[in-house]
Amino acid sequence: MDSETIVNDPDASLEPLLNGMYAQLKSWSDPMHRMGEYAGDNMMIRGSSTDAFYEFISYSRTPNNYRLTQFWNSGYKAIAQASNIIDMIDQGQSVEIDNNLGESYYVRGMLYFYLTRAFGRPYYQNPETNLGVPIVNGTPDDVINLELADRATVKESYEQAISDLKKAEELLTIDKDAIYASKEAAQAMLSRIYLYMSGTYTSPNTEYAQLSVDYADKVINSGKYSLLPRDQFMKYNTFVPENNAETIFAIKRVASEFSGYDHYYGVGGMYANLGGMGWGEMYASAKYIDLLNETGRNDWRENSYNMVDARSAFIQPTYSKDADTEEFTEVFRFIKEEGGNLNYVQAETTRNGAVITCQEGNDTYTLIPVDTDQEIYSILYKDGKTYTGVIDNYITLNRAYPQFYITKASLEGEESHLHSPLISRLSEIYLNRAEAYAKLGNYDAALADLNTIRERAILNGGYNALDASNASIRIDKERQLELAYQAERSYDVFRNGKELTREYPGPHNQFENISATDFRVVYYIPQDAINSYPGTLTQNPTQ
């Protein structure tokens with residue numbers, strides 16, 4: 001579409017232009033999810049992989065990664081589309097046109113933030129000098145002799161995102177479904193950005209913490225969104241975003257985009273095989289399972305199904321029956337350390353009155369009760385160590401790992417791995433405000449927000465108190481539980497100056513602690529982007 005046609009008839013032109021802008025978010029959201037989630041500790045993979053995403057898991061960073069390139073290219077294409085709309089269309093012609101401009105500002109601001117948190121260091125680490133991303137707002141007039149500036153600083157990149165989102169907040173006045181930008185979507189993103197700028201728990205920036213509270217207030221007090229009741233929340237992933245009272249903004253996907261076996265390639269395809277669709281090669285980590293079980297054991301067995309923590313409903317173990325007896329096999333499952341690695345064991349049990357034993361190979365162990373109501377026991381293993389585990393049904397193994405399938409990124413509309421990636425939902429806003437309040441020293445207000453989310457998930461599971469000694473642990477744990485598989489975890493760890501630990505079974509380096517100052521916390525600028533850039537595009541440090 002030539003610019004003259006667009007300017008002369010913006011009403012007719014804006015809809016396809018906006019559709020094109022939103023369409024870029026579809027291809028962008030796939031690597032966005034993998035970069036944010038795979039680098040965290042909520043999941044494990046069954047083994048090493050030749051796919052480029054394995055670098056996100058293993059922290060073996062390279063600049064020649066096609067998924068990084070997809071994230072960069074799709075992000076900047078959407079920025080270009082949004083910028084060209086902003087540049088070509090005059091503000092003030094109508095409420096509808098202004099709202100469309102607001103949508104463009106939202107998408108541009110949101111993308112600058114996401115790009116900066118991936119390629120720029122955490123904000124508390126010298127944002128005035130650390131590099132963020134190039135700020136290129138629209139097609140330059142002289143494309144032939146183009147010479148673009150190098151990457152802006154992290155501070156400048158954040159300022160660009162904030163400026164765009166504040167402009168979006170001003171212009172967005174029409175209520176639309178959650179698959180379109182809205183005033184509250186802009187406010188939700190501003191709440192998150194200011195939280196990222198609010199320093200660490202030990203060295204908070206109270207100015208930005210207060211701004212995070214202020215923008216969270218706007219979203220919560222708007223009355224446009226509500227937390228789903230517990231039973232509905234446990235089916236959150238099955239609702240389309242337009243009909244979900246908790247969703248603020250999501251990137252809409254439809255089943256026709258994944259015809260035939262293409263459902264394998266959705267975000268959820270690696271997390272489960274559902275209805276014959278999906279690779280099912282990544283599972284909930286033992287660390288995440290332990291967090292879910294911290295208040296009480298979640299039991300996924302059909303005859304004793306009990307979700308103590310509602311977030312457990314998004315986990316689906318693949319229990320299998322014995323081929324001969326057509327019965328489930330009872331096992332004692334625990335994790336042992338052997339040869340410097342952590343591995344699962346599922347040892348078949350035998351009951352003789354009140355005595356329960358399990359057998360691993362030629363070795364038999366007597367189970368020592370820890371909590372018989374929850375069927376939690378321990379054994380004294382042959383290596384002299386005591387291991388605690390649970391009596392459960394046998395879960396199918398993929399290589400050596402029980403398949404704790406993850407369904408949070410699947411089953412939208414009950415359609416296999418259909419999933420509209422979430423950008424903002426109301427529960428995050430409560431948790432943003434809780435953390436910001438804690439950094440302001442207002443622990444009573446932080447506790448109220450924290451328990452709003454916790455008590456929805458765990459009946460009578462709220463904390464009695466919150467203070468400087470436990471706020472960081474409890475709030476971060478709740479963020480991990482609540483926002484798992486939404487591409488937030490690794491960024492949440494590092495922005496608060498913490499270490500990522502992954503001491504659980506899997507092919508990753510299990511005992512490597514990755515600090516927030518590690519050079520691998522940020523991704524390399526894609527080499528393809530550097531090669532094609534009209535000007536200097538500085539790479540991130542390689543050590």
# chains A, B, ... in the order shown; residues from 1 in each chain; ligands from 1
>>> residues_around(residues="Arg495 of chain A", least_positions_apart="4", cutoff="7 Å", atoms="only C-alpha atoms", output="VMD selection string")
chain A and resid 122 to 123 196 491
>>> residues_around(residues="Leu17 of chain A", least_positions_apart="6", cutoff="10 Å", atoms="only C-alpha atoms", output="PDB file with N, CA, C and O atoms, in the first residue's frame")
ATOM      1  N   MET A   1       0.857  -1.183   0.000  1.00  0.00           N
ATOM      2  CA  MET A   1       0.000   0.000   0.000  1.00  0.00           C
ATOM      3  C   MET A   1       0.890   1.227   0.000  1.00  0.00           C
ATOM      4  O   MET A   1       1.776   1.367   0.842  1.00  0.00           O
ATOM      5  N   ILE A   6      -2.810   5.729   1.889  1.00  0.00           N
ATOM      6  CA  ILE A   6      -3.055   5.584   3.325  1.00  0.00           C
ATOM      7  C   ILE A   6      -3.405   6.930   3.953  1.00  0.00           C
ATOM      8  O   ILE A   6      -4.367   7.057   4.710  1.00  0.00           O
ATOM      9  N   PRO A  10      -7.351   7.242   5.619  1.00  0.00           N
ATOM     10  CA  PRO A  10      -6.861   6.450   6.759  1.00  0.00           C
ATOM     11  C   PRO A  10      -7.888   5.477   7.295  1.00  0.00           C
ATOM     12  O   PRO A  10      -7.528   4.397   7.775  1.00  0.00           O
ATOM     13  N   ALA A  23      -0.020  -9.260  13.183  1.00  0.00           N
ATOM     14  CA  ALA A  23       0.402 -10.541  12.614  1.00  0.00           C
ATOM     15  C   ALA A  23       1.878 -10.810  12.884  1.00  0.00           C
ATOM     16  O   ALA A  23       2.278 -11.962  13.088  1.00  0.00           O
ATOM     17  N   GLN A  81       6.199  -1.459  11.373  1.00  0.00           N
ATOM     18  CA  GLN A  81       4.795  -1.306  10.961  1.00  0.00           C
ATOM     19  C   GLN A  81       4.089  -0.292  11.868  1.00  0.00           C
ATOM     20  O   GLN A  81       3.376   0.600  11.400  1.00  0.00           O
ATOM     21  N   ALA A  82       4.283  -0.437  13.187  1.00  0.00           N
ATOM     22  CA  ALA A  82       3.662   0.501  14.130  1.00  0.00           C
ATOM     23  C   ALA A  82       4.162   1.918  13.889  1.00  0.00           C
ATOM     24  O   ALA A  82       3.385   2.891  13.888  1.00  0.00           O
ATOM     25  N   ASN A  84       5.418   3.278  11.149  1.00  0.00           N
ATOM     26  CA  ASN A  84       4.944   3.856   9.887  1.00  0.00           C
ATOM     27  C   ASN A  84       3.501   4.330  10.013  1.00  0.00           C
ATOM     28  O   ASN A  84       3.120   5.361   9.432  1.00  0.00           O
ATOM     29  N   ILE A  85       2.690   3.578  10.760  1.00  0.00           N
ATOM     30  CA  ILE A  85       1.317   4.027  11.025  1.00  0.00           C
ATOM     31  C   ILE A  85       1.341   5.353  11.785  1.00  0.00           C
ATOM     32  O   ILE A  85       0.654   6.315  11.434  1.00  0.00           O
ATOM     33  N   ASN A 100      -6.572   3.662  17.210  1.00  0.00           N
ATOM     34  CA  ASN A 100      -5.684   2.849  16.378  1.00  0.00           C
ATOM     35  C   ASN A 100      -4.231   3.281  16.531  1.00  0.00           C
ATOM     36  O   ASN A 100      -3.316   2.454  16.557  1.00  0.00           O
ATOM     37  N   SER A 104      -0.859   1.173  18.038  1.00  0.00           N
ATOM     38  CA  SER A 104       0.469   1.155  17.433  1.00  0.00           C
ATOM     39  C   SER A 104       1.539   1.550  18.452  1.00  0.00           C
ATOM     40  O   SER A 104       2.611   0.932  18.523  1.00  0.00           O
TER      41      SER A 104
END
>>> residues_around(residues="segment 322-332 of chain A", least_positions_apart="5", cutoff="8 Å", atoms="only C-alpha atoms", output="ChimeraX atom specification")
/A:345-349,358,389-394
>>> residues_around(residues="Gly47 of chain A", least_positions_apart="2", cutoff="9 Å", atoms="only C-alpha atoms", output="PyMOL selection string")
chain A and resi 44-45+49+281+399+506-508
>>> residues_around(residues="Ala516 of chain A", least_positions_apart="4", cutoff="12 Å", atoms="only C-alpha atoms", output="list in words")
Arg121, Pro122, Tyr123, Tyr124, Gln125, Thr200, Ser490, Tyr491, Asp492, Val493, Phe494, Arg495, Asn496, Gly497, Lys498, Glu499, Leu500, Thr501, Arg520, Val521 and Val522 of chain A
>>> write_last_selection(atoms="N, CA, C and O atoms", output="PDB file, in the first residue's frame")
ATOM      1  N   ARG A 121      21.307  -5.832  29.626  1.00  0.00           N
ATOM      2  CA  ARG A 121      21.490  -6.363  30.976  1.00  0.00           C
ATOM      3  C   ARG A 121      20.389  -5.859  31.916  1.00  0.00           C
ATOM      4  O   ARG A 121      19.731  -4.843  31.636  1.00  0.00           O
ATOM      5  N   PRO A 122      20.170  -6.583  33.049  1.00  0.00           N
ATOM      6  CA  PRO A 122      19.165  -6.150  34.024  1.00  0.00           C
ATOM      7  C   PRO A 122      19.343  -4.682  34.392  1.00  0.00           C
ATOM      8  O   PRO A 122      20.477  -4.183  34.472  1.00  0.00           O
ATOM      9  N   TYR A 123      18.229  -4.010  34.655  1.00  0.00           N
ATOM     10  CA  TYR A 123      18.257  -2.554  34.791  1.00  0.00           C
ATOM     11  C   TYR A 123      19.110  -2.083  35.958  1.00  0.00           C
ATOM     12  O   TYR A 123      19.724  -1.011  35.884  1.00  0.00           O
ATOM     13  N   TYR A 124      19.188  -2.862  37.030  1.00  0.00           N
ATOM     14  CA  TYR A 124      19.936  -2.397  38.203  1.00  0.00           C
ATOM     15  C   TYR A 124      21.443  -2.358  37.940  1.00  0.00           C
ATOM     16  O   TYR A 124      22.203  -1.790  38.732  1.00  0.00           O
ATOM     17  N   GLN A 125      21.887  -2.926  36.810  1.00  0.00           N
ATOM     18  CA  GLN A 125      23.312  -2.976  36.490  1.00  0.00           C
ATOM     19  C   GLN A 125      23.683  -1.871  35.485  1.00  0.00           C
ATOM     20  O   GLN A 125      23.690  -2.086  34.280  1.00  0.00           O
ATOM     21  N   THR A 200      16.818  -4.095  43.295  1.00  0.00           N
ATOM     22  CA  THR A 200      16.707  -5.384  43.966  1.00  0.00           C
ATOM     23  C   THR A 200      16.048  -5.189  45.332  1.00  0.00           C
ATOM     24  O   THR A 200      15.869  -4.064  45.802  1.00  0.00           O
ATOM     25  N   SER A 490      13.059 -16.586  33.929  1.00  0.00           N
ATOM     26  CA  SER A 490      14.489 -16.288  33.940  1.00  0.00           C
ATOM     27  C   SER A 490      14.740 -14.794  34.130  1.00  0.00           C
ATOM     28  O   SER A 490      15.655 -14.390  34.854  1.00  0.00           O
ATOM     29  N   TYR A 491      13.911 -13.961  33.514  1.00  0.00           N
ATOM     30  CA  TYR A 491      14.076 -12.510  33.674  1.00  0.00           C
ATOM     31  C   TYR A 491      13.785 -12.089  35.111  1.00  0.00           C
ATOM     32  O   TYR A 491      14.443 -11.184  35.640  1.00  0.00           O
ATOM     33  N   ASP A 492      12.791 -12.706  35.745  1.00  0.00           N
ATOM     34  CA  ASP A 492      12.470 -12.372  37.131  1.00  0.00           C
ATOM     35  C   ASP A 492      13.643 -12.673  38.064  1.00  0.00           C
ATOM     36  O   ASP A 492      13.895 -11.932  39.025  1.00  0.00           O
ATOM     37  N   VAL A 493      14.342 -13.764  37.822  1.00  0.00           N
ATOM     38  CA  VAL A 493      15.480 -14.132  38.668  1.00  0.00           C
ATOM     39  C   VAL A 493      16.581 -13.078  38.550  1.00  0.00           C
ATOM     40  O   VAL A 493      17.062 -12.544  39.554  1.00  0.00           O
ATOM     41  N   PHE A 494      16.966 -12.780  37.327  1.00  0.00           N
ATOM     42  CA  PHE A 494      18.155 -11.944  37.118  1.00  0.00           C
ATOM     43  C   PHE A 494      17.905 -10.471  37.396  1.00  0.00           C
ATOM     44  O   PHE A 494      18.807  -9.769  37.858  1.00  0.00           O
ATOM     45  N   ARG A 495      16.697  -9.971  37.151  1.00  0.00           N
ATOM     46  CA  ARG A 495      16.449  -8.535  37.379  1.00  0.00           C
ATOM     47  C   ARG A 495      16.527  -8.191  38.859  1.00  0.00           C
ATOM     48  O   ARG A 495      16.767  -7.031  39.213  1.00  0.00           O
ATOM     49  N   ASN A 496      16.346  -9.194  39.734  1.00  0.00           N
ATOM     50  CA  ASN A 496      16.477  -8.960  41.173  1.00  0.00           C
ATOM     51  C   ASN A 496      17.846  -9.372  41.708  1.00  0.00           C
ATOM     52  O   ASN A 496      18.029  -9.475  42.923  1.00  0.00           O
ATOM     53  N   GLY A 497      18.784  -9.611  40.796  1.00  0.00           N
ATOM     54  CA  GLY A 497      20.157  -9.880  41.210  1.00  0.00           C
ATOM     55  C   GLY A 497      20.375 -11.239  41.823  1.00  0.00           C
ATOM     56  O   GLY A 497      21.353 -11.441  42.556  1.00  0.00           O
ATOM     57  N   LYS A 498      19.505 -12.194  41.504  1.00  0.00           N
ATOM     58  CA  LYS A 498      19.608 -13.517  42.122  1.00  0.00           C
ATOM     59  C   LYS A 498      20.283 -14.514  41.188  1.00  0.00           C
ATOM     60  O   LYS A 498      20.488 -14.260  40.003  1.00  0.00           O
ATOM     61  N   GLU A 499      20.620 -15.676  41.738  1.00  0.00           N
ATOM     62  CA  GLU A 499      21.207 -16.760  40.972  1.00  0.00           C
ATOM     63  C   GLU A 499      20.125 -17.720  40.508  1.00  0.00           C
ATOM     64  O   GLU A 499      19.163 -17.977  41.230  1.00  0.00           O
ATOM     65  N   LEU A 500      20.319 -18.274  39.323  1.00  0.00           N
ATOM     66  CA  LEU A 500      19.452 -19.333  38.833  1.00  0.00           C
ATOM     67  C   LEU A 500      20.092 -20.665  39.189  1.00  0.00           C
ATOM     68  O   LEU A 500      21.253 -20.913  38.849  1.00  0.00           O
ATOM     69  N   THR A 501      19.354 -21.503  39.902  1.00  0.00           N
ATOM     70  CA  THR A 501      19.841 -22.833  40.262  1.00  0.00           C
ATOM     71  C   THR A 501      18.901 -23.875  39.663  1.00  0.00           C
ATOM     72  O   THR A 501      17.678 -23.713  39.687  1.00  0.00           O
ATOM     73  N   ARG A 520      26.160 -14.585  30.123  1.00  0.00           N
ATOM     74  CA  ARG A 520      25.153 -15.355  29.393  1.00  0.00           C
ATOM     75  C   ARG A 520      23.717 -15.013  29.790  1.00  0.00           C
ATOM     76  O   ARG A 520      22.772 -15.553  29.208  1.00  0.00           O
ATOM     77  N   VAL A 521      23.549 -14.127  30.749  1.00  0.00           N
ATOM     78  CA  VAL A 521      22.206 -13.707  31.146  1.00  0.00           C
ATOM     79  C   VAL A 521      21.498 -13.000  29.995  1.00  0.00           C
ATOM     80  O   VAL A 521      20.274 -13.068  29.866  1.00  0.00           O
ATOM     81  N   VAL A 522      22.261 -12.323  29.142  1.00  0.00           N
ATOM     82  CA  VAL A 522      21.679 -11.667  27.964  1.00  0.00           C
ATOM     83  C   VAL A 522      22.041 -12.464  26.722  1.00  0.00           C
ATOM     84  O   VAL A 522      23.053 -13.172  26.685  1.00  0.00           O
TER      85      VAL A 522
END
>>> atom_distance(atom1="atom CA of Ala188 of chain A", atom2="atom CA of Ala436 of chain A")
13.6 Å
>>> closest_atom_pairs(of="segment 225-316 of chain A", to="segment 457-473 of chain A", cutoff="7 Å", atoms="only C-alpha atoms", output="Markdown table")
| residue | atom | partner | partner_atom | distance |
| --- | --- | --- | --- | --- |
| A:Arg230 | CA | A:Ala457 | CA | 6.4 |
| A:Val308 | CA | A:Ile458 | CA | 6.0 |
| A:Asp309 | CA | A:Ile458 | CA | 4.9 |
| A:Ala310 | CA | A:Ala457 | CA | 4.6 |
| A:Arg311 | CA | A:Ala457 | CA | 6.5 |
>>> residues_around(residues="Ser420 of chain A", least_positions_apart="5", cutoff="7 Å", atoms="only C-alpha atoms", output="ChimeraX atom specification")
/A:250-253
>>> closest_atom_pairs(of="segment 115-212 of chain A", to="segment 238-245 of chain A", cutoff="12 Å", atoms="only C-alpha atoms", output="CSV")
residue,atom,partner,partner_atom,distance
A:Asp175,CA,A:Glu242,CA,11.9
A:Lys176,CA,A:Glu242,CA,9.0
A:Asp177,CA,A:Glu242,CA,5.3
A:Ala178,CA,A:Glu242,CA,5.5
A:Ile179,CA,A:Glu242,CA,6.6
A:Tyr180,CA,A:Glu242,CA,9.5
>>> write_last_selection(atoms="C-alpha atoms", output="CSV table (one decimal), in the first residue's frame")
chain,number,residue,atom,x,y,z
A,175,ASP,CA,-12.9,-1.0,24.9
A,176,LYS,CA,-12.0,-3.9,22.8
A,177,ASP,CA,-11.3,-7.6,23.4
A,178,ALA,CA,-8.1,-8.7,25.1
A,179,ILE,CA,-6.6,-9.6,21.7
A,180,TYR,CA,-6.2,-5.8,21.0
>>> residues_around(residues="segment 201-210 of chain A", least_positions_apart="5", cutoff="6 Å", atoms="only C-alpha atoms", output="PyMOL selection string")
chain A and resi 194-195+436+439-440
>>> atom_distance(atom1="atom CA of Ser515 of chain A", atom2="atom CA of Arg433 of chain A")
25.3 Å
>>> closest_residue(among="A:Gly109, A:Gly268, A:Gly40, A:Pro31", to="Gln70 of chain A", atoms="only C-alpha atoms")
A:Pro31
>>> closest_residue(among="A:Asn540, A:Thr366, A:Gln374, A:Thr247", to="Asn306 of chain A", atoms="only C-alpha atoms")
A:Gln374
